[in-house]
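Novice: So I've got this file, work.cif, and it contains mmCIF, C-alpha atoms:
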data_start
#
loop_
_atom_site.group_PDB
_atom_site.id
_atom_site.type_symbol
_atom_site.label_atom_id
_atom_site.label_comp_id
_atom_site.auth_asym_id
_atom_site.auth_seq_id
_atom_site.Cartn_x
_atom_site.Cartn_y
_atom_site.Cartn_z
ATOM 1 C CA MET E 1 0.000 0.000 0.000
ATOM 2 C CA LEU E 2 2.837 2.345 0.840
ATOM 3 C CA LEU E 3 4.460 1.799 -2.565
ATOM 4 C CA ALA E 4 1.118 2.225 -4.352
ATOM 5 C CA VAL E 5 0.439 5.527 -2.578
ATOM 6 C CA ALA E 6 3.981 6.725 -3.377
ATOM 7 C CA ALA E 7 3.399 5.904 -7.071
ATOM 8 C CA LEU E 8 0.120 7.845 -7.040
ATOM 9 C CA PHE E 9 1.908 10.794 -5.454
ATOM 10 C CA GLY E 10 4.565 10.763 -8.175
ATOM 11 C CA GLY E 11 2.005 10.535 -10.966
ATOM 12 C CA THR E 12 -0.200 13.276 -9.574
ATOM 13 C CA LEU E 13 2.798 15.542 -8.966
ATOM 14 C CA PHE E 14 3.935 15.060 -12.570
ATOM 15 C CA GLU E 15 0.435 15.847 -13.856
ATOM 16 C CA TYR E 16 0.303 19.027 -11.779
ATOM 17 C CA TYR E 17 3.676 20.318 -13.014
ATOM 18 C CA ARG E 18 2.812 19.633 -16.656
ATOM 19 C CA GLY E 19 -0.262 21.837 -16.239
ATOM 20 C CA GLY E 20 -2.889 19.111 -16.261
ATOM 21 C CA ILE E 21 -4.321 20.296 -12.940
ATOM 22 C CA ASN E 22 -5.052 24.017 -13.107
ATOM 23 C CA GLU E 23 -8.104 24.303 -10.874
ATOM 24 C CA THR E 24 -8.326 26.330 -7.662
ATOM 25 C CA GLY E 25 -6.064 24.717 -5.099
ATOM 26 C CA GLY E 26 -4.750 22.306 -7.711
ATOM 27 C CA TRP E 27 -1.494 21.872 -5.782
ATOM 28 C CA LEU E 28 -3.525 20.131 -3.084
ATOM 29 C CA TRP E 29 -4.048 17.077 -5.340
ATOM 30 C CA PRO E 30 -0.463 15.785 -5.163
ATOM 31 C CA MET E 31 -0.272 16.835 -1.499
ATOM 32 C CA LEU E 32 -3.233 14.532 -0.916
ATOM 33 C CA PHE E 33 -0.869 11.548 -0.728
ATOM 34 C CA VAL E 34 1.827 13.057 1.518
ATOM 35 C CA PRO E 35 -0.003 12.694 4.866
ATOM 36 C CA LEU E 36 -1.014 9.165 3.950
ATOM 37 C CA ILE E 37 2.583 8.262 3.080
ATOM 38 C CA LEU E 38 3.784 9.590 6.444
ATOM 39 C CA TYR E 39 1.044 7.776 8.317
ATOM 40 C CA LEU E 40 1.751 4.472 6.549
ATOM 41 C CA LEU E 41 5.467 4.895 7.220
ATOM 42 C CA GLY E 42 4.695 5.349 10.912
ATOM 43 C CA ILE E 43 2.679 2.134 10.971
ATOM 44 C CA VAL E 44 5.205 0.099 8.981
ATOM 45 C CA TYR E 45 8.187 1.425 10.907
ATOM 46 C CA GLY E 46 6.666 1.471 14.345
ATOM 47 C CA ASP E 47 4.332 -1.489 14.576
ATOM 48 C CA VAL E 48 7.251 -3.938 14.663
ATOM 49 C CA PRO E 49 7.863 -3.527 18.433
ATOM 50 C CA ALA E 50 4.255 -4.559 19.129
ATOM 51 C CA ARG E 51 5.162 -8.073 17.945
ATOM 52 C CA TYR E 52 7.561 -8.501 20.820
ATOM 53 C CA TYR E 53 4.702 -9.043 23.254
ATOM 54 C CA ASP E 54 2.603 -11.115 20.875
ATOM 55 C CA LEU E 55 1.490 -14.122 22.897
ATOM 56 C CA LYS E 56 1.272 -16.431 19.875
ATOM 57 C CA VAL E 57 4.904 -16.491 18.733
ATOM 58 C CA LEU E 58 7.771 -15.389 20.914
ATOM 59 C CA LYS E 59 10.178 -13.048 19.138
ATOM 60 C CA PRO E 60 13.661 -12.784 20.635
ATOM 61 C CA PHE E 61 14.067 -9.226 21.863
ATOM 62 C CA PRO E 62 17.591 -7.855 21.361
ATOM 63 C CA VAL E 63 19.483 -6.753 24.424
ATOM 64 C CA PRO E 64 20.378 -3.929 24.666
ATOM 65 C CA PHE E 65 17.264 -2.582 22.991
ATOM 66 C CA ALA E 66 18.059 1.157 22.685
ATOM 67 C CA ARG E 67 17.867 0.991 18.895
ATOM 68 C CA GLN E 68 14.345 -0.444 19.005
ATOM 69 C CA PHE E 69 13.327 2.222 21.502
ATOM 70 C CA ASP E 70 14.578 4.977 19.185
ATOM 71 C CA ARG E 71 12.671 3.346 16.341
ATOM 72 C CA CYS E 72 9.436 3.588 18.341
ATOM 73 C CA VAL E 73 9.934 7.264 19.077
ATOM 74 C CA LEU E 74 10.626 8.055 15.429
ATOM 75 C CA ALA E 75 7.588 6.041 14.316
ATOM 76 C CA ILE E 76 5.274 8.002 16.602
ATOM 77 C CA ILE E 77 6.648 11.313 15.323
ATOM 78 C CA VAL E 78 6.164 10.273 11.684
ATOM 79 C CA LEU E 79 2.701 8.821 12.291
ATOM 80 C CA PHE E 80 1.292 11.870 14.046
ATOM 81 C CA THR E 81 2.993 14.221 11.601
ATOM 82 C CA GLY E 82 0.982 12.541 8.841
ATOM 83 C CA LEU E 83 -2.251 12.873 10.798
ATOM 84 C CA PHE E 84 -1.591 16.527 11.686
ATOM 85 C CA LEU E 85 -0.621 17.420 8.110
ATOM 86 C CA ASN E 86 -3.812 15.833 6.800
ATOM 87 C CA ILE E 87 -5.891 17.953 9.177
ATOM 88 C CA VAL E 88 -4.030 21.107 8.069
ATOM 89 C CA LEU E 89 -4.547 20.353 4.365
ATOM 90 C CA LEU E 90 -8.210 19.508 4.951
ATOM 91 C CA SER E 91 -8.644 22.932 6.551
ATOM 92 C CA ILE E 92 -6.921 24.588 3.577
ATOM 93 C CA THR E 93 -9.278 22.868 1.101
ATOM 94 C CA LEU E 94 -12.228 24.344 2.998
ATOM 95 C CA ILE E 95 -10.654 27.827 3.117
ATOM 96 C CA VAL E 96 -9.589 28.111 -0.540
ATOM 97 C CA GLY E 97 -12.773 26.527 -1.870
ATOM 98 C CA ALA E 98 -11.150 23.544 -3.575
ATOM 99 C CA LYS E 99 -13.231 20.962 -5.409
ATOM 100 C CA LEU E 100 -15.647 19.013 -3.237
ATOM 101 C CA LEU E 101 -14.094 15.689 -4.348
ATOM 102 C CA LEU E 102 -10.676 16.771 -3.062
ATOM 103 C CA THR E 103 -12.139 17.809 0.288
ATOM 104 C CA VAL E 104 -13.983 14.495 0.546
ATOM 105 C CA PHE E 105 -10.724 12.604 -0.059
ATOM 106 C CA TYR E 106 -8.942 14.489 2.728
ATOM 107 C CA LEU E 107 -11.889 13.899 5.037
ATOM 108 C CA LEU E 108 -11.955 10.200 4.157
ATOM 109 C CA TYR E 109 -8.246 9.808 4.837
ATOM 110 C CA MET E 110 -8.611 11.504 8.208
ATOM 111 C CA VAL E 111 -11.440 9.127 9.160
ATOM 112 C CA LEU E 112 -9.329 6.116 8.115
ATOM 113 C CA MET E 113 -6.309 7.391 10.054
ATOM 114 C CA LEU E 114 -8.351 7.950 13.187
ATOM 115 C CA ALA E 115 -9.903 4.490 12.827
ATOM 116 C CA GLU E 116 -6.424 2.913 12.665
ATOM 117 C CA LEU E 117 -5.013 5.060 15.456
ATOM 118 C CA PRO E 118 -6.004 2.743 18.382
ATOM 119 C CA ASN E 119 -3.920 -0.054 16.862
ATOM 120 C CA SER E 120 -0.994 2.284 16.359
ATOM 121 C CA LEU E 121 -1.204 3.421 19.984
ATOM 122 C CA ARG E 122 0.294 0.059 20.912
ATOM 123 C CA ILE E 123 3.579 1.805 20.156
ATOM 124 C CA PHE E 124 2.817 4.267 22.949
ATOM 125 C CA ARG E 125 2.097 1.442 25.350
ATOM 126 C CA PHE E 126 5.359 -0.260 24.421
ATOM 127 C CA ILE E 127 7.397 2.890 25.048
ATOM 128 C CA GLN E 128 5.573 3.566 28.311
ATOM 129 C CA HIS E 129 6.393 0.061 29.479
ATOM 130 C CA VAL E 130 10.064 0.418 28.561
ATOM 131 C CA ASN E 131 10.199 3.762 30.369
ATOM 132 C CA THR E 132 8.555 2.278 33.432
ATOM 133 C CA VAL E 133 10.895 -0.710 33.479
ATOM 134 C CA GLN E 134 13.959 1.504 33.074
ATOM 135 C CA TYR E 135 12.704 3.870 35.774
ATOM 136 C CA VAL E 136 12.477 1.124 38.401
ATOM 137 C CA SER E 137 15.733 -0.458 37.131
ATOM 138 C CA ALA E 138 14.103 -3.835 36.553
ATOM 139 C CA ILE E 139 15.952 -4.502 33.295
ATOM 140 C CA HIS E 140 19.699 -4.442 33.877
ATOM 141 C CA PRO E 141 22.564 -6.933 33.424
ATOM 142 C CA ASN E 142 21.663 -8.805 36.638
ATOM 143 C CA THR E 143 17.907 -8.913 36.097
ATOM 144 C CA PHE E 144 17.819 -12.570 35.100
ATOM 145 C CA LYS E 145 19.384 -15.503 36.891
ATOM 146 C CA LYS E 146 22.495 -16.814 35.222
ATOM 147 C CA ALA E 147 21.818 -19.613 32.773
ATOM 148 C CA LEU E 148 24.325 -21.789 34.629
ATOM 149 C CA SER E 149 22.032 -21.786 37.657
ATOM 150 C CA TYR E 150 19.576 -23.861 35.596
ATOM 151 C CA TYR E 151 22.219 -26.190 34.166
ATOM 152 C CA SER E 152 23.964 -29.366 35.207
ATOM 153 C CA PRO E 153 26.083 -31.687 33.017
ATOM 154 C CA GLU E 154 23.547 -34.492 33.569
ATOM 155 C CA GLN E 155 21.072 -32.598 31.373
ATOM 156 C CA ASP E 156 23.189 -33.344 28.323
ATOM 157 C CA LYS E 157 22.276 -37.040 28.660
ATOM 158 C CA LEU E 158 18.512 -36.434 28.597
ATOM 159 C CA CYS E 159 16.500 -37.390 25.532
ATOM 160 C CA GLY E 160 12.955 -38.187 24.469
ATOM 161 C CA GLU E 161 10.253 -37.742 27.107
ATOM 162 C CA GLU E 162 12.791 -37.011 29.840
ATOM 163 C CA LEU E 163 14.167 -34.086 27.859
ATOM 164 C CA LYS E 164 10.659 -32.855 27.080
ATOM 165 C CA ARG E 165 9.705 -32.900 30.771
ATOM 166 C CA HIS E 166 12.915 -31.156 31.715
ATOM 167 C CA LEU E 167 12.375 -28.396 29.145
ATOM 168 C CA GLY E 168 8.800 -27.981 30.412
ATOM 169 C CA THR E 169 10.058 -27.562 33.987
ATOM 170 C CA LEU E 170 12.746 -25.161 32.821
ATOM 171 C CA TYR E 171 10.163 -23.083 30.944
ATOM 172 C CA LYS E 172 8.021 -22.823 34.084
ATOM 173 C CA SER E 173 11.045 -21.479 35.949
ATOM 174 C CA LEU E 174 11.679 -18.911 33.208
ATOM 175 C CA ALA E 175 8.002 -17.908 33.192
ATOM 176 C CA ALA E 176 8.079 -17.481 36.978
ATOM 177 C CA GLU E 177 11.210 -15.366 36.601
ATOM 178 C CA ALA E 178 9.435 -13.224 33.987
ATOM 179 C CA GLU E 179 6.392 -12.875 36.244
ATOM 180 C CA GLU E 180 8.554 -11.518 39.053
ATOM 181 C CA LEU E 181 9.364 -8.556 36.771
ATOM 182 C CA VAL E 182 5.692 -7.658 36.200
ATOM 183 C CA LEU E 183 5.029 -4.049 37.194
ATOM 184 C CA GLU E 184 1.690 -2.683 38.336
ATOM 185 C CA ALA E 185 2.521 0.723 36.860
ATOM 186 C CA SER E 186 3.044 -0.684 33.351
ATOM 187 C CA PRO E 187 0.391 0.102 30.694
ATOM 188 C CA LEU E 188 0.689 -3.489 29.424
ATOM 189 C CA SER E 189 -1.369 -6.344 30.808
ATOM 190 C CA LYS E 190 0.245 -8.980 32.996
ATOM 191 C CA GLU E 191 0.279 -11.520 30.149
ATOM 192 C CA GLN E 192 1.846 -9.013 27.754
ATOM 193 C CA GLN E 193 4.539 -8.103 30.279
ATOM 194 C CA ILE E 194 5.390 -11.757 30.863
ATOM 195 C CA ALA E 195 5.638 -12.356 27.113
ATOM 196 C CA LEU E 196 7.811 -9.261 26.657
ATOM 197 C CA ASN E 197 10.070 -10.248 29.567
ATOM 198 C CA LEU E 198 10.446 -13.749 28.105
ATOM 199 C CA ALA E 199 11.328 -12.157 24.764
ATOM 200 C CA VAL E 200 14.002 -10.078 26.478
ATOM 201 C CA ARG E 201 15.219 -13.235 28.219
ATOM 202 C CA ALA E 202 15.417 -14.985 24.832
ATOM 203 C CA GLY E 203 17.396 -12.105 23.333
ATOM 204 C CA GLU E 204 19.752 -12.148 26.306
ATOM 205 C CA ALA E 205 20.286 -15.921 25.990
ATOM 206 C CA ILE E 206 20.996 -15.587 22.261
ATOM 207 C CA ARG E 207 23.513 -12.811 22.906
ATOM 208 C CA ARG E 208 25.243 -14.830 25.632
ATOM 209 C CA CYS E 209 25.328 -17.921 23.396
ATOM 210 C CA ARG E 210 27.315 -15.982 20.832
ATOM 211 C CA ILE E 211 29.643 -14.571 23.479
ATOM 212 C CA ALA E 212 30.178 -18.001 25.047
ATOM 213 C CA ASN E 213 30.882 -19.500 21.631
ATOM 214 C CA LYS E 214 33.417 -16.773 20.883
ATOM 215 C CA ASP E 215 35.091 -17.189 24.287
ATOM 216 C CA LYS E 216 34.942 -21.026 24.047
ATOM 217 C CA GLU E 217 32.940 -21.327 27.297
ATOM 218 C CA CYS E 218 31.307 -24.676 26.650
ATOM 219 C CA ASP E 219 29.191 -24.997 29.832
ATOM 220 C CA ARG E 220 27.818 -21.464 29.546
ATOM 221 C CA LEU E 221 26.990 -22.105 25.893
ATOM 222 C CA ARG E 222 25.155 -25.343 26.680
ATOM 223 C CA ALA E 223 23.272 -23.715 29.558
ATOM 224 C CA ASN E 224 21.950 -20.898 27.375
ATOM 225 C CA ILE E 225 21.048 -23.329 24.602
ATOM 226 C CA PHE E 226 18.905 -25.269 27.079
ATOM 227 C CA LEU E 227 17.104 -22.035 27.985
ATOM 228 C CA LEU E 228 16.439 -21.323 24.317
ATOM 229 C CA GLU E 229 15.230 -24.876 23.731
ATOM 230 C CA ALA E 230 12.768 -24.500 26.601
ATOM 231 C CA LEU E 231 11.384 -21.322 25.038
ATOM 232 C CA GLU E 232 11.408 -22.905 21.584
ATOM 233 C CA SER E 233 9.407 -25.968 22.633
ATOM 234 C CA ASN E 234 6.993 -24.252 25.018
ATOM 235 C CA ALA E 235 6.618 -20.653 23.768
ATOM 236 C CA GLY E 236 7.085 -20.942 19.999
ATOM 237 C CA LEU E 237 10.438 -19.154 19.938
ATOM 238 C CA VAL E 238 12.006 -19.169 16.466
ATOM 239 C CA LEU E 239 15.782 -19.391 16.802
ATOM 240 C CA PRO E 240 18.100 -17.458 14.465
ATOM 241 C CA LYS E 241 19.921 -19.597 11.905
ATOM 242 C CA ASP E 242 23.349 -19.299 13.539
ATOM 243 C CA ILE E 243 21.943 -20.335 16.916
ATOM 244 C CA ARG E 244 20.218 -23.352 15.355
ATOM 245 C CA GLN E 245 23.514 -24.398 13.797
ATOM 246 C CA LEU E 246 25.283 -23.879 17.112
ATOM 247 C CA ARG E 247 22.659 -25.894 18.984
ATOM 248 C CA ASN E 248 22.850 -28.755 16.491
ATOM 249 C CA GLN E 249 26.614 -28.816 16.596
ATOM 250 C CA VAL E 250 26.737 -28.776 20.405
ATOM 251 C CA LYS E 251 24.194 -31.591 20.616
ATOM 252 C CA GLY E 252 25.711 -33.507 17.718
ATOM 253 C CA LEU E 253 22.414 -33.566 15.829
ATOM 254 C CA GLU E 254 23.893 -32.765 12.423
ATOM 255 C CA PRO E 255 27.120 -31.415 10.953
ATOM 256 C CA PRO E 256 27.361 -27.649 10.498
ATOM 257 C CA GLU E 257 26.346 -26.299 7.104
ATOM 258 C CA THR E 258 29.245 -25.821 4.712
ATOM 259 C CA SER E 259 27.797 -22.618 3.252
ATOM 260 C CA GLU E 260 28.841 -20.646 6.302
ATOM 261 C CA GLU E 261 31.839 -20.735 8.614
ATOM 262 C CA PRO E 262 30.994 -23.267 11.338
ATOM 263 C CA PRO E 263 30.744 -22.014 14.911
ATOM 264 C CA GLN E 264 33.777 -22.711 17.045
ATOM 265 C CA VAL E 265 32.760 -24.776 20.046
ATOM 266 C CA LYS E 266 35.109 -26.058 22.663
ATOM 267 C CA GLN E 267 34.604 -29.763 23.194
ATOM 268 C CA ALA E 268 33.471 -30.765 26.664
#
Step by step, read the file and then write its structure as structure tokens.
Specialist:
Amino acid sequence: MLLAVAALFGGTLFEYYRGGINETGGWLWPMLFVPLILYLLGIVYGDVPARYYDLKVLKPFPVPFARQFDRCVLAIIVLFTGLFLNIVLLSITLIVGAKLLLTVFYLLYMVLMLAELPNSLRIFRFIQHVNTVQYVSAIHPNTFKKALSYYSPEQDKLCGEELKRHLGTLYKSLAAEAEELVLEASPLSKEQQIALNLAVRAGEAIRRCRIANKDKECDRLRANIFLLEALESNAGLVLPKDIRQLRNQVKGLEPPETSEEPPQVKQA
């Protein structure tokens, strides 16, 4: 939709400059698409963070997450700029006496934007939650228990139903850990906060897997992989490709793919 609106803007702008639109307020025709482009950009660019507390599929949330936070702020600015600009241009069409059809289009776009606005306000809720969490210092390097506290070498021997039960127990521990971080002051519901905290936990485990692999810390690597497996099997976490390769290599499930440089893992 964004590309289609951008194409319409380009075509209408070309028609205006070649003199094909010479009515009163004719310049408002190409401007018709500018607020909509800004609004769509705000939705496309800013709605991504809302997926991090989607309860259906757990998305690993990167830690640190300052870049995502900045993305949210920028998305809100762009989104509301589009809405405000549309209101300004609608007012101008009424003042200059532009064609009724043009005024109707601006009015229609404003109605559509306002109808979509409640969904887009999820961005606000996300930022408010992050601000609240940062304010009470709940998310910091020592927020989560170390992965090694959930790990023992005997776990490496588990398979089949025993492994499944162990991962289920491990997931319950991670969920309880995430529930301890739930804040009453947050604009998100309890379930959304738990899902977001688990997503942050997943991002932290992924980051520490890569660090442990680089530093050849085999036990720490295995411990974090078990955490990710628990989230994968019980919360629908989709692991990045390099982490899947690392997990398979550590567990001896399959040889590393030859298309990429294999992860370096210290043998236990």
Novice: Could you check which of E:Ala195, E:Tyr45, E:Leu112, E:Lys251 is closest to Ala235 (chain E), using only C-alpha atoms?
Specialist: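 Closest residue, counting only C-alpha atoms: E:Ala195.
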Novice: Find, counting only C-alpha atoms, the residue in E:Ile92, E:Leu85, E:Leu101, E:Ile123 that gets nearest to Pro187 (chain E).
Specialist: E:Ile123
Novice: Quick one: distance from CA of Leu246 (chain E) to CA of Arg210 (chain E) in Å, one decimal?
Specialist: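 Between CA of Leu246 (chain E) and CA of Arg210 (chain E) the gap works out to 9.0 Å.
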Novice: Counting only C-alpha atoms, what is within 6 Å of Tyr39 (chain E), bar same-chain residues fewer than 3 positions away, as a ChimeraX atom specification?
Specialist: /E:36,42,79,82
Novice: Tell me which of E:Thr12, E:Ser189, E:Gln155, E:Asn197 sits closest to Ala176 (chain E), counting all atoms listed in the file.
Specialist: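 Checking each candidate against Ala176 (chain E), we get E:Asn197 as the closest.
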Novice: In the coordinate frame of the file, compute which residues have an atom within 12 Å of (16.1, -24.7, 23.5) when using only C-alpha atoms, and state them as a count of residues only.
Specialist: 38
Novice: Run the PyMOL selection byres ((chain E and resi 120) around 12) mentally over the shown coordinates, then write out the matched residues as a CSV table (one decimal) with C-alpha atoms, in the frame of the given file, using the chain letters and numbers from the document.
Specialist:
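Writing the result to part.csv gives the following:
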chain,number,residue,atom,x,y,z
E,39,TYR,CA,1.0,7.8,8.3
E,40,LEU,CA,1.8,4.5,6.5
E,41,LEU,CA,5.5,4.9,7.2
E,42,GLY,CA,4.7,5.3,10.9
E,43,ILE,CA,2.7,2.1,11.0
E,44,VAL,CA,5.2,0.1,9.0
E,45,TYR,CA,8.2,1.4,10.9
E,46,GLY,CA,6.7,1.5,14.3
E,47,ASP,CA,4.3,-1.5,14.6
E,48,VAL,CA,7.3,-3.9,14.7
E,49,PRO,CA,7.9,-3.5,18.4
E,50,ALA,CA,4.3,-4.6,19.1
E,72,CYS,CA,9.4,3.6,18.3
E,75,ALA,CA,7.6,6.0,14.3
E,76,ILE,CA,5.3,8.0,16.6
E,77,ILE,CA,6.6,11.3,15.3
E,78,VAL,CA,6.2,10.3,11.7
E,79,LEU,CA,2.7,8.8,12.3
E,80,PHE,CA,1.3,11.9,14.0
E,113,MET,CA,-6.3,7.4,10.1
E,114,LEU,CA,-8.4,8.0,13.2
E,115,ALA,CA,-9.9,4.5,12.8
E,116,GLU,CA,-6.4,2.9,12.7
E,117,LEU,CA,-5.0,5.1,15.5
E,118,PRO,CA,-6.0,2.7,18.4
E,119,ASN,CA,-3.9,-0.1,16.9
E,121,LEU,CA,-1.2,3.4,20.0
E,122,ARG,CA,0.3,0.1,20.9
E,123,ILE,CA,3.6,1.8,20.2
E,124,PHE,CA,2.8,4.3,22.9
E,125,ARG,CA,2.1,1.4,25.4
E,126,PHE,CA,5.4,-0.3,24.4
Novice: Evaluate the PyMOL selection byres ((chain E and resi 86) around 8) here and jot the selected residues down as a list in words.
Specialist: Leu32, Pro35, Leu36, Gly82, Leu83, Phe84, Leu85, Ile87, Val88, Leu89, Leu90, Tyr106, Tyr109 and Met110 of chain E
Novice: Quick check on the file I pasted: which residues fall under the PyMOL selection byres ((chain E and resi 181) around 10)? Write them as a tab-separated table (two decimals) with C-alpha atoms, in the coordinates of the input.
Specialist:
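Wrote it out as selection28.tsv, contents follow:
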chain	number	residue	atom	x	y	z
E	133	VAL	CA	10.90	-0.71	33.48
E	138	ALA	CA	14.10	-3.84	36.55
E	139	ILE	CA	15.95	-4.50	33.30
E	143	THR	CA	17.91	-8.91	36.10
E	144	PHE	CA	17.82	-12.57	35.10
E	176	ALA	CA	8.08	-17.48	36.98
E	177	GLU	CA	11.21	-15.37	36.60
E	178	ALA	CA	9.44	-13.22	33.99
E	179	GLU	CA	6.39	-12.88	36.24
E	180	GLU	CA	8.55	-11.52	39.05
E	182	VAL	CA	5.69	-7.66	36.20
E	183	LEU	CA	5.03	-4.05	37.19
E	184	GLU	CA	1.69	-2.68	38.34
E	190	LYS	CA	0.24	-8.98	33.00
E	193	GLN	CA	4.54	-8.10	30.28
E	194	ILE	CA	5.39	-11.76	30.86
E	197	ASN	CA	10.07	-10.25	29.57
Novice: Taking all atoms listed in the file into account, name the residue in E:Ala7, E:Gly203, E:Leu198, E:Glu23 that is nearest to Gly97 (chain E).
Specialist: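 Among E:Ala7, E:Gly203, E:Leu198, E:Glu23, it is E:Glu23 that comes nearest to Gly97 (chain E).
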Novice: In Å, how far is it from CA of Leu28 (chain E) to CA of Leu3 (chain E)?
Specialist: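 Spanning CA of Leu28 (chain E) to CA of Leu3 (chain E) is a straight-line distance of 20.0 Å.
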Novice: May I ask which of the residues E:Gln128, E:Gln192, E:Asn213, E:Thr103 is the closest one to Gln249 (chain E), counting all atoms listed in the file?
Specialist: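 Among the listed residues, the smallest separation from Gln249 (chain E) belongs to E:Asn213.
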Novice: Using the incomplete input, complete region 150-156 of chain E to the level of all heavy atoms; output as a compact mmCIF listing (two decimals), keeping the file's coordinate frame.
Specialist:
# COMPACT_ATOMS: atom_id res chain seq x y z
N TYR E 150 20.59 -22.89 36.04
CA TYR E 150 19.58 -23.86 35.60
C TYR E 150 20.22 -25.09 34.95
O TYR E 150 19.51 -25.95 34.44
CB TYR E 150 18.64 -23.23 34.56
CG TYR E 150 17.80 -22.10 35.09
CD1 TYR E 150 18.04 -20.79 34.70
CD2 TYR E 150 16.75 -22.33 35.97
CE1 TYR E 150 17.26 -19.73 35.15
CE2 TYR E 150 15.97 -21.30 36.45
CZ TYR E 150 16.24 -20.00 36.03
OH TYR E 150 15.46 -18.97 36.50
N TYR E 151 21.54 -25.16 34.97
CA TYR E 151 22.22 -26.19 34.17
C TYR E 151 23.05 -27.12 35.03
O TYR E 151 23.66 -26.71 36.01
CB TYR E 151 23.13 -25.51 33.15
CG TYR E 151 24.02 -26.45 32.37
CD1 TYR E 151 23.50 -27.24 31.34
CD2 TYR E 151 25.37 -26.57 32.67
CE1 TYR E 151 24.32 -28.11 30.63
CE2 TYR E 151 26.20 -27.43 31.97
CZ TYR E 151 25.67 -28.20 30.95
OH TYR E 151 26.47 -29.06 30.25
N SER E 152 23.06 -28.38 34.64
CA SER E 152 23.96 -29.37 35.21
C SER E 152 24.38 -30.30 34.08
O SER E 152 23.60 -30.56 33.16
CB SER E 152 23.31 -30.15 36.34
OG SER E 152 22.22 -30.92 35.85
N PRO E 153 25.60 -30.83 34.11
CA PRO E 153 26.08 -31.69 33.02
C PRO E 153 25.18 -32.89 32.74
O PRO E 153 25.16 -33.39 31.62
CB PRO E 153 27.47 -32.12 33.51
CG PRO E 153 27.90 -31.04 34.45
CD PRO E 153 26.64 -30.58 35.12
N GLU E 154 24.42 -33.34 33.77
CA GLU E 154 23.55 -34.49 33.57
C GLU E 154 22.46 -34.21 32.54
O GLU E 154 21.91 -35.14 31.92
CB GLU E 154 22.90 -34.91 34.90
CG GLU E 154 23.85 -35.51 35.91
CD GLU E 154 24.73 -34.46 36.57
OE1 GLU E 154 24.38 -33.26 36.49
OE2 GLU E 154 25.77 -34.85 37.16
N GLN E 155 22.12 -32.95 32.33
CA GLN E 155 21.07 -32.60 31.37
C GLN E 155 21.45 -33.00 29.95
O GLN E 155 20.58 -33.28 29.13
CB GLN E 155 20.80 -31.09 31.43
CG GLN E 155 20.24 -30.61 32.76
CD GLN E 155 20.12 -29.10 32.82
OE1 GLN E 155 20.24 -28.42 31.80
NE2 GLN E 155 19.90 -28.56 34.00
N ASP E 156 22.74 -33.02 29.67
CA ASP E 156 23.19 -33.34 28.32
C ASP E 156 22.84 -34.78 27.93
O ASP E 156 22.78 -35.11 26.74
CB ASP E 156 24.70 -33.15 28.20
CG ASP E 156 25.10 -31.69 28.40
OD1 ASP E 156 24.30 -30.82 28.05
OD2 ASP E 156 26.21 -31.45 28.92
